[in-house]
>>> print(open('work_19.txt').read())   # compact mmCIF, C-alpha atoms and all ligand atoms
# COMPACT_ATOMS: atom_id res chain seq x y z
CA MET A 1 -196.94 212.46 17.47
CA GLY A 2 -193.93 210.16 17.16
CA ARG A 3 -194.01 207.09 19.38
CA LEU A 4 -191.63 206.58 22.32
CA PHE A 5 -190.27 203.06 22.87
CA VAL A 6 -188.48 202.44 26.16
CA MET A 7 -186.45 199.24 25.93
CA ASP A 8 -186.65 197.58 29.29
CA HIS A 9 -185.01 194.30 28.25
CA PRO A 10 -183.03 192.96 31.26
CA LEU A 11 -179.78 192.68 29.26
CA ILE A 12 -180.01 196.31 28.16
CA GLN A 13 -180.82 197.50 31.69
CA HIS A 14 -177.97 195.44 33.17
CA LYS A 15 -175.40 196.82 30.74
CA LEU A 16 -176.75 200.36 31.12
CA THR A 17 -176.11 200.22 34.88
CA PHE A 18 -172.39 199.52 34.31
CA LEU A 19 -172.22 202.19 31.63
CA ARG A 20 -173.61 204.78 34.04
CA ASP A 21 -171.16 203.84 36.82
CA GLU A 22 -168.45 206.48 37.18
CA GLN A 23 -165.88 203.71 37.81
CA THR A 24 -166.30 202.38 34.25
CA GLY A 25 -163.33 203.40 32.08
CA PRO A 26 -163.26 204.16 28.31
CA LYS A 27 -162.48 200.58 27.20
CA GLU A 28 -165.43 199.04 29.06
CA PHE A 29 -167.60 202.06 28.21
CA ARG A 30 -166.96 201.53 24.48
CA GLU A 31 -167.68 197.81 24.68
CA LEU A 32 -170.90 198.28 26.66
CA LEU A 33 -172.15 201.07 24.40
CA ASN A 34 -171.66 198.92 21.31
CA GLU A 35 -173.31 195.91 22.93
CA ILE A 36 -176.33 198.00 23.91
CA GLY A 37 -176.36 199.53 20.41
CA MET A 38 -176.67 196.03 18.96
CA LEU A 39 -179.45 195.01 21.35
CA MET A 40 -181.34 198.23 20.65
CA ALA A 41 -180.98 197.79 16.89
CA TYR A 42 -182.80 194.48 17.26
CA GLU A 43 -185.84 196.35 18.58
CA VAL A 44 -185.56 199.36 16.26
CA THR A 45 -185.74 197.03 13.24
CA ARG A 46 -188.55 194.85 14.63
CA ASP A 47 -191.22 196.15 12.21
CA LEU A 48 -189.19 196.00 8.98
CA PRO A 49 -191.28 194.36 6.24
CA LEU A 50 -190.52 190.84 4.98
CA ARG A 51 -191.13 189.18 1.63
CA GLN A 52 -191.58 185.53 0.93
CA VAL A 53 -189.03 183.69 -1.22
CA GLU A 54 -188.67 180.11 -2.41
CA ILE A 55 -185.47 178.31 -1.35
CA ARG A 56 -184.21 174.77 -1.30
CA THR A 57 -182.84 173.35 1.95
CA PRO A 58 -180.74 170.15 1.86
CA VAL A 59 -184.04 168.38 2.61
CA LYS A 60 -186.65 170.01 0.32
CA GLU A 61 -188.05 173.19 -1.22
CA ALA A 62 -189.35 175.67 1.31
CA LYS A 63 -190.95 179.09 1.57
CA ALA A 64 -188.89 181.46 3.68
CA TYR A 65 -188.61 185.19 4.39
CA VAL A 66 -186.09 187.92 3.62
CA LEU A 67 -186.13 191.63 4.38
CA ASP A 68 -188.14 193.58 1.84
CA GLY A 69 -188.36 197.20 0.85
CA LYS A 70 -186.12 200.00 1.97
CA LYS A 71 -182.56 199.41 3.04
CA LEU A 72 -181.08 200.81 6.23
CA GLY A 73 -178.72 203.65 7.04
CA VAL A 74 -177.11 204.46 10.39
CA VAL A 75 -176.36 208.11 11.11
CA PRO A 76 -174.29 208.78 14.24
CA ILE A 77 -174.26 212.29 15.66
CA LEU A 78 -170.54 213.01 16.20
CA ARG A 79 -168.81 212.37 18.41
CA ALA A 80 -170.58 210.18 20.92
CA GLY A 81 -172.96 208.60 18.39
CA LEU A 82 -169.93 206.82 16.87
CA GLY A 83 -169.92 204.58 19.92
CA MET A 84 -173.17 202.90 18.84
CA VAL A 85 -172.40 202.34 15.14
CA ASP A 86 -170.42 199.09 15.30
CA GLY A 87 -173.09 197.46 17.43
CA VAL A 88 -175.80 198.32 14.90
CA LEU A 89 -173.59 197.16 12.01
CA ARG A 90 -173.02 193.81 13.67
CA LEU A 91 -176.73 193.20 13.26
CA VAL A 92 -177.24 194.88 9.87
CA PRO A 93 -173.79 194.68 8.23
CA HIS A 94 -174.98 196.03 4.87
CA ALA A 95 -176.37 199.26 6.31
CA ARG A 96 -174.64 202.38 5.00
CA VAL A 97 -173.25 204.94 7.44
CA GLY A 98 -173.74 208.70 7.31
CA HIS A 99 -172.22 211.21 9.72
CA ILE A 100 -173.52 214.43 11.22
CA GLY A 101 -171.08 216.61 13.12
CA LEU A 102 -172.70 218.70 15.83
CA TYR A 103 -171.58 220.08 19.15
CA ARG A 104 -173.51 221.89 21.82
CA ASP A 105 -172.45 225.46 22.40
CA PRO A 106 -171.65 225.29 26.14
CA LYS A 107 -173.24 228.71 26.79
CA THR A 108 -176.42 228.62 24.71
CA LEU A 109 -176.69 224.77 24.67
CA GLU A 110 -177.75 225.17 21.01
CA PRO A 111 -176.25 222.76 18.43
CA VAL A 112 -173.59 223.96 15.99
CA GLU A 113 -173.22 221.93 12.77
CA TYR A 114 -169.71 221.24 11.43
CA TYR A 115 -170.14 218.21 9.17
CA CYS A 116 -172.76 216.28 7.24
CA LYS A 117 -172.15 213.39 4.85
CA LEU A 118 -174.94 210.95 4.06
CA PRO A 119 -175.07 207.89 1.79
CA ALA A 120 -175.78 208.87 -1.85
CA ASP A 121 -179.13 207.05 -1.78
CA ALA A 122 -180.05 208.16 1.75
CA GLN A 123 -183.47 209.31 0.54
CA GLU A 124 -184.41 205.71 -0.26
CA ARG A 125 -183.27 204.30 3.09
CA VAL A 126 -184.72 203.97 6.56
CA LEU A 127 -182.26 206.09 8.57
CA ILE A 128 -181.53 205.35 12.23
CA VAL A 129 -180.00 208.42 13.87
CA VAL A 130 -177.89 207.30 16.85
CA ASP A 131 -176.61 209.27 19.83
CA PRO A 132 -176.28 208.05 23.43
CA MET A 133 -177.71 211.22 24.95
CA LEU A 134 -180.99 213.06 24.29
CA ALA A 135 -180.73 215.98 26.70
CA THR A 136 -182.35 219.27 25.62
CA GLY A 137 -183.09 217.60 22.29
CA GLY A 138 -181.36 220.42 20.39
CA SER A 139 -178.76 218.17 18.74
CA ALA A 140 -181.22 215.41 17.82
CA SER A 141 -183.76 217.84 16.47
CA ALA A 142 -181.15 219.68 14.39
CA ALA A 143 -179.70 216.42 13.05
CA ILE A 144 -183.14 215.24 11.96
CA ARG A 145 -183.76 218.64 10.35
CA PHE A 146 -180.49 218.45 8.36
CA ILE A 147 -181.37 214.97 7.17
CA LYS A 148 -184.87 216.04 6.13
CA GLU A 149 -183.43 219.05 4.27
CA ARG A 150 -181.51 216.52 2.16
CA GLY A 151 -184.74 214.83 1.14
CA CYS A 152 -184.86 211.90 3.62
CA LYS A 153 -188.26 210.96 4.97
CA SER A 154 -187.99 207.71 6.87
CA ILE A 155 -186.13 208.49 10.10
CA ARG A 156 -185.91 206.81 13.53
CA MET A 157 -184.09 208.19 16.57
CA MET A 158 -182.13 205.85 18.84
CA ASN A 159 -180.74 207.10 22.16
CA LEU A 160 -179.42 205.41 25.23
CA ILE A 161 -180.65 207.86 27.86
CA ALA A 162 -183.19 210.63 27.40
CA ALA A 163 -184.44 213.51 29.50
CA PRO A 164 -188.16 214.27 29.35
CA GLU A 165 -187.32 217.70 27.89
CA GLY A 166 -185.47 216.17 24.93
CA ILE A 167 -188.22 213.68 24.17
CA GLU A 168 -190.80 216.47 24.22
CA ARG A 169 -188.75 218.66 21.88
CA VAL A 170 -188.15 215.96 19.27
CA GLN A 171 -191.77 214.83 19.40
CA LYS A 172 -192.94 218.44 18.95
CA GLU A 173 -190.51 219.39 16.16
CA HIS A 174 -190.53 216.01 14.37
CA PRO A 175 -193.87 214.29 14.99
CA ASP A 176 -193.13 211.78 12.22
CA VAL A 177 -190.04 210.36 14.00
CA ASP A 178 -190.28 207.48 16.51
CA ILE A 179 -187.81 207.56 19.42
CA TYR A 180 -186.20 204.44 20.91
CA VAL A 181 -184.45 204.76 24.28
CA ALA A 182 -183.06 202.47 26.97
CA GLY A 183 -183.92 204.81 29.82
CA VAL A 184 -185.81 208.01 30.57
CA ASP A 185 -184.14 209.91 33.40
CA GLU A 186 -185.44 212.46 35.86
CA LYS A 187 -184.43 215.86 34.48
CA LEU A 188 -181.69 218.17 33.20
CA ASN A 189 -179.39 220.10 35.52
CA ASP A 190 -178.42 223.76 35.09
CA HIS A 191 -175.65 222.81 32.62
CA GLY A 192 -178.01 220.79 30.43
CA TYR A 193 -176.70 217.44 31.68
CA ILE A 194 -179.06 214.54 32.19
CA VAL A 195 -179.66 213.66 35.86
CA PRO A 196 -178.58 211.05 36.91
CA GLY A 197 -177.41 210.27 33.33
CA LEU A 198 -173.86 209.09 32.79
CA GLY A 199 -171.93 212.35 32.48
CA ASP A 200 -170.39 213.48 29.19
CA ALA A 201 -170.81 210.57 26.81
CA GLY A 202 -168.17 211.77 24.30
CA ASP A 203 -165.54 212.31 26.98
CA ARG A 204 -166.21 208.95 28.63
CA LEU A 205 -166.14 207.14 25.27
CA PHE A 206 -162.91 208.69 24.03
CA GLY A 207 -161.24 209.39 27.38
CA THR A 208 -160.91 213.10 26.67
CA LYS A 209 -161.41 214.32 30.23
C1 LIG B 301 -173.64 215.36 23.48
C2 LIG B 301 -174.42 214.15 23.06
C3 LIG B 301 -175.48 214.73 22.16
C4 LIG B 301 -175.75 216.07 22.82
C5 LIG B 301 -177.03 215.98 23.58
O1 LIG B 301 -172.76 215.74 22.49
O2 LIG B 301 -173.64 213.16 22.45
O3 LIG B 301 -175.07 214.90 20.82
O4 LIG B 301 -174.67 216.33 23.71
O5 LIG B 301 -177.38 217.20 24.10
P1 LIG B 301 -178.66 218.01 23.61
O6 LIG B 301 -179.81 217.04 23.56
O7 LIG B 301 -178.86 219.04 24.70
O8 LIG B 301 -178.37 218.64 22.30
P2 LIG B 301 -171.74 216.98 22.70
O9 LIG B 301 -172.37 218.25 22.22
O10 LIG B 301 -171.25 216.97 24.11
O11 LIG B 301 -170.60 216.67 21.66
P3 LIG B 301 -169.56 215.45 21.63
O12 LIG B 301 -170.35 214.22 21.28
O13 LIG B 301 -168.63 215.87 20.55
O14 LIG B 301 -168.90 215.33 22.98
N1 LIG B 302 -174.41 215.42 26.60
C1 LIG B 302 -173.82 214.45 27.34
O1 LIG B 302 -172.83 213.87 26.91
N2 LIG B 302 -174.34 214.16 28.53
C2 LIG B 302 -175.44 214.78 29.02
O2 LIG B 302 -175.88 214.45 30.13
C3 LIG B 302 -176.04 215.78 28.24
C4 LIG B 302 -175.51 216.07 27.03
>>> encode(input="work_19.txt", output="structure tokens")
Amino acid sequence: MGRLFVMDHPLIQHKLTFLRDEQTGPKEFRELLNEIGMLMAYEVTRDLPLRQVEIRTPVKEAKAYVLDGKKLGVVPILRAGLGMVDGVLRLVPHARVGHIGLYRDPKTLEPVEYYCKLPADAQERVLIVVDPMLATGGSASAAIRFIKERGCKSIRMMNLIAAPEGIERVQKEHPDVDIYVAGVDEKLNDHGYIVPGLGDAGDRLFGTK
């Protein structure tokens, strides 16, 4: 089964509180989401392999380390996932960005795909799928499936807030994918919203409601 990492770093928890607050408007919401995205990326990349290199400092030769192996890709699930991309790129500026367009059918709550464009060498990259909300898990699970259908194997899921139902679904359908979240909430309500959650992430990010 994929591992679940809950990031309880005080800075992440502090920022998450303001993000949840209904008084927080789109400008602050965007800034906070990107800041948390950057802090989370620090943890998501913690186990990337290093290789030793020889360099020369102004003082003497030295052995030092650089990232080795696979390069990174960030794949936001549209729309709300876009809000986490800049934060991740601030930490790993050379990562390539793919996009997956999905929306939840409001009646069935099942994801409907409308767009998918991945980096040309996505199969050789470690892909971090980003989306603030993991509710029923339908969108995340479908996004991971689309990526796998295109030959990608190394995938990590990064969400801000998750419901237990969504975690269970992704772990069941994609046992090879680790999930990184900042908070696990109580439950889903009858409309598939996370309780207490933060409301509709896409609408709060883009000010569309
Ligand atoms: C939200 C959110 C996730 C999805 C989570 O997107 O950003 O993608 O819902 O729900 P699930 O786990 O039950 O699938 P939404 O469908 O509202 O689209 P939007 O980002 O375009 O607003
Ligand atoms: N999508 C959101 O934006 N919020 C939720 O709580 C659930 C799905």
>>> closest_residue(input="work_19.txt", among="A:Leu67, A:Ile161, A:Cys116, A:Ile167", to="A:Gln13", atoms="only C-alpha atoms")
A:Ile161
>>> closest_residue(input="work_19.txt", among="A:Arg46, A:His99, A:Arg79, A:His94", to="A:Val129", atoms="all atoms listed in the file")
A:His99
>>> closest_residue(input="work_19.txt", among="A:Val195, A:Leu89, A:Ala80, A:Leu188", to="ligand LIG 301 (chain B)", atoms="only C-alpha atoms and all ligand atoms")
A:Ala80
>>> residues_near_ligand(input="work_19.txt", ligand="ligand LIG 302 (chain B)", cutoff="8 Å", atoms="all atoms listed in the file", output="ChimeraX atom specification")
/A:80,132-136,188,192-195,197-203
>>> residues_around(input="work_19.txt", residues="A:Gly25", least_positions_apart="4", cutoff="10 Å", atoms="only C-alpha atoms", output="list in words")
Leu19, Asp21, Phe29, Arg30, Arg204, Leu205, Phe206 and Gly207 of chain A
>>> atom_distance(input="work_19.txt", atom1="atom CA of A:Glu28", atom2="atom CA of A:Asp86")
14.6 Å
>>> closest_residue(input="work_19.txt", among="A:Val59, A:Ile144, A:Leu78, A:Ile36", to="A:Arg90", atoms="only C-alpha atoms")
A:Ile36
>>> residues_around(input="work_19.txt", residues="A:Leu32", least_positions_apart="2", cutoff="10 Å", atoms="all atoms listed in the file", output="ChimeraX atom specification")
/A:12,15-19,24,26-30,34-38,83-84,87
>>> residues_near_point(input="work_19.txt", point="(-190.5, 225.0, 17.2)", cutoff="12 Å", atoms="all atoms listed in the file", output="PyMOL selection string")
chain A and resi 137-138+141-142+145+168-175
>>> atom_distance(input="work_19.txt", atom1="atom CA of A:Val181", atom2="atom CA of A:His14")
14.4 Å
>>> axis_aligned_box(input="work_19.txt", around="stretch 166-170 of chain A", padding_each_side="8 Å", output="AutoDock Vina command-line options")
--center_x -188.1 --center_y 216.2 --center_z 22.1 --size_x 21.3 --size_y 21.0 --size_z 21.7
>>> closest_residue(input="work_19.txt", among="A:Val6, A:Leu39, A:Val53, A:Ala62", to="A:Val184", atoms="only C-alpha atoms")
A:Val6
>>> closest_residue(input="work_19.txt", among="A:Ala140, A:Met7, A:Val97, A:Ile128", to="ligand LIG 301 (chain B)", atoms="only C-alpha atoms and all ligand atoms")
A:Ala140
>>> residues_around(input="work_19.txt", residues="A:Gly101", least_positions_apart="2", cutoff="6 Å", atoms="only C-alpha atoms", output="MDAnalysis selection string")
chainID A and resid 77:78 113:115
>>> residues_around(input="work_19.txt", residues="A:Gly98", least_positions_apart="5", cutoff="10 Å", atoms="all atoms listed in the file", output="short mmCIF file (atom, residue, chain, number, x, y, z; two decimals) with C-alpha atoms, keeping the file's coordinate frame")
data_model
loop_
_atom_site.label_atom_id
_atom_site.label_comp_id
_atom_site.auth_asym_id
_atom_site.auth_seq_id
_atom_site.Cartn_x
_atom_site.Cartn_y
_atom_site.Cartn_z
CA GLY A 73 -178.72 203.65 7.04
CA VAL A 74 -177.11 204.46 10.39
CA VAL A 75 -176.36 208.11 11.11
CA PRO A 76 -174.29 208.78 14.24
CA ILE A 77 -174.26 212.29 15.66
CA CYS A 116 -172.76 216.28 7.24
CA LYS A 117 -172.15 213.39 4.85
CA LEU A 118 -174.94 210.95 4.06
CA PRO A 119 -175.07 207.89 1.79
CA ALA A 120 -175.78 208.87 -1.85
CA ALA A 122 -180.05 208.16 1.75
CA LEU A 127 -182.26 206.09 8.57
CA ILE A 128 -181.53 205.35 12.23
CA VAL A 129 -180.00 208.42 13.87
CA ILE A 147 -181.37 214.97 7.17
#
>>> atom_distance(input="work_19.txt", atom1="atom CA of A:Val130", atom2="atom P1 of ligand LIG 301 (chain B)")
12.7 Å
>>> residues_around(input="work_19.txt", residues="A:Ile179", least_positions_apart="3", cutoff="8 Å", atoms="only C-alpha atoms", output="PyMOL selection string")
chain A and resi 2-5+156-159+167
>>> build_atoms(input="work_19.txt", residues="stretch 178-189 of chain A", atoms="all heavy atoms", output="short mmCIF file (atom, residue, chain, number, x, y, z; two decimals), keeping the file's coordinate frame")
data_model
loop_
_atom_site.label_atom_id
_atom_site.label_comp_id
_atom_site.auth_asym_id
_atom_site.auth_seq_id
_atom_site.Cartn_x
_atom_site.Cartn_y
_atom_site.Cartn_z
N ASP A 178 -190.17 208.28 15.28
CA ASP A 178 -190.28 207.48 16.51
C ASP A 178 -188.94 207.52 17.25
O ASP A 178 -187.87 207.56 16.63
CB ASP A 178 -190.62 206.03 16.18
CG ASP A 178 -192.05 205.88 15.68
OD1 ASP A 178 -192.88 206.78 15.94
OD2 ASP A 178 -192.34 204.87 15.01
N ILE A 179 -189.02 207.50 18.59
CA ILE A 179 -187.81 207.56 19.42
C ILE A 179 -187.68 206.26 20.20
O ILE A 179 -188.65 205.80 20.81
CB ILE A 179 -187.90 208.74 20.43
CG1 ILE A 179 -188.17 210.06 19.71
CG2 ILE A 179 -186.62 208.83 21.27
CD1 ILE A 179 -188.49 211.21 20.67
N TYR A 180 -186.48 205.68 20.18
CA TYR A 180 -186.20 204.44 20.91
C TYR A 180 -185.13 204.74 21.95
O TYR A 180 -184.04 205.25 21.59
CB TYR A 180 -185.67 203.36 19.95
CG TYR A 180 -186.68 202.95 18.90
CD1 TYR A 180 -186.91 203.75 17.77
CD2 TYR A 180 -187.40 201.77 19.03
CE1 TYR A 180 -187.84 203.36 16.81
CE2 TYR A 180 -188.33 201.37 18.06
CZ TYR A 180 -188.53 202.18 16.96
OH TYR A 180 -189.45 201.81 16.01
N VAL A 181 -185.42 204.48 23.22
CA VAL A 181 -184.45 204.76 24.28
C VAL A 181 -184.35 203.57 25.22
O VAL A 181 -185.26 202.75 25.31
CB VAL A 181 -184.83 206.03 25.10
CG1 VAL A 181 -184.91 207.26 24.21
CG2 VAL A 181 -186.14 205.83 25.84
N ALA A 182 -183.21 203.52 25.97
CA ALA A 182 -183.06 202.47 26.97
C ALA A 182 -183.49 202.97 28.35
O ALA A 182 -183.78 202.17 29.23
CB ALA A 182 -181.61 201.99 27.02
N GLY A 183 -183.51 204.28 28.53
CA GLY A 183 -183.92 204.81 29.82
C GLY A 183 -184.36 206.26 29.71
O GLY A 183 -183.80 207.02 28.91
N VAL A 184 -185.39 206.61 30.48
CA VAL A 184 -185.81 208.01 30.57
C VAL A 184 -185.48 208.46 31.99
O VAL A 184 -185.97 207.89 32.96
CB VAL A 184 -187.33 208.16 30.31
CG1 VAL A 184 -187.74 209.63 30.44
CG2 VAL A 184 -187.71 207.62 28.94
N ASP A 185 -184.59 209.46 32.09
CA ASP A 185 -184.14 209.91 33.40
C ASP A 185 -185.03 211.04 33.92
O ASP A 185 -185.98 211.46 33.26
CB ASP A 185 -182.67 210.33 33.33
CG ASP A 185 -181.74 209.11 33.45
OD1 ASP A 185 -182.25 207.98 33.42
OD2 ASP A 185 -180.52 209.30 33.56
N GLU A 186 -184.61 211.53 35.10
CA GLU A 186 -185.44 212.46 35.86
C GLU A 186 -185.57 213.83 35.20
O GLU A 186 -186.65 214.34 34.98
CB GLU A 186 -184.72 212.60 37.20
CG GLU A 186 -185.52 212.89 38.40
CD GLU A 186 -184.56 212.99 39.58
OE1 GLU A 186 -183.85 211.97 39.85
OE2 GLU A 186 -184.49 214.05 40.17
N LYS A 187 -184.41 214.44 34.89
CA LYS A 187 -184.43 215.86 34.48
C LYS A 187 -183.07 216.29 33.93
O LYS A 187 -182.12 215.49 33.89
CB LYS A 187 -184.78 216.74 35.68
CG LYS A 187 -183.77 216.58 36.81
CD LYS A 187 -184.08 217.50 37.98
CE LYS A 187 -182.99 217.34 39.03
NZ LYS A 187 -183.14 218.14 40.20
N LEU A 188 -182.97 217.56 33.57
CA LEU A 188 -181.69 218.17 33.20
C LEU A 188 -181.21 219.04 34.35
O LEU A 188 -182.03 219.63 35.06
CB LEU A 188 -181.86 219.06 31.96
CG LEU A 188 -182.27 218.38 30.65
CD1 LEU A 188 -182.47 219.44 29.57
CD2 LEU A 188 -181.20 217.39 30.22
N ASN A 189 -179.88 219.14 34.52
CA ASN A 189 -179.39 220.10 35.52
C ASN A 189 -179.14 221.46 34.86
O ASN A 189 -179.43 221.64 33.66
CB ASN A 189 -178.15 219.55 36.26
CG ASN A 189 -176.92 219.44 35.35
OD1 ASN A 189 -176.90 220.01 34.27
ND2 ASN A 189 -175.93 218.71 35.81
#
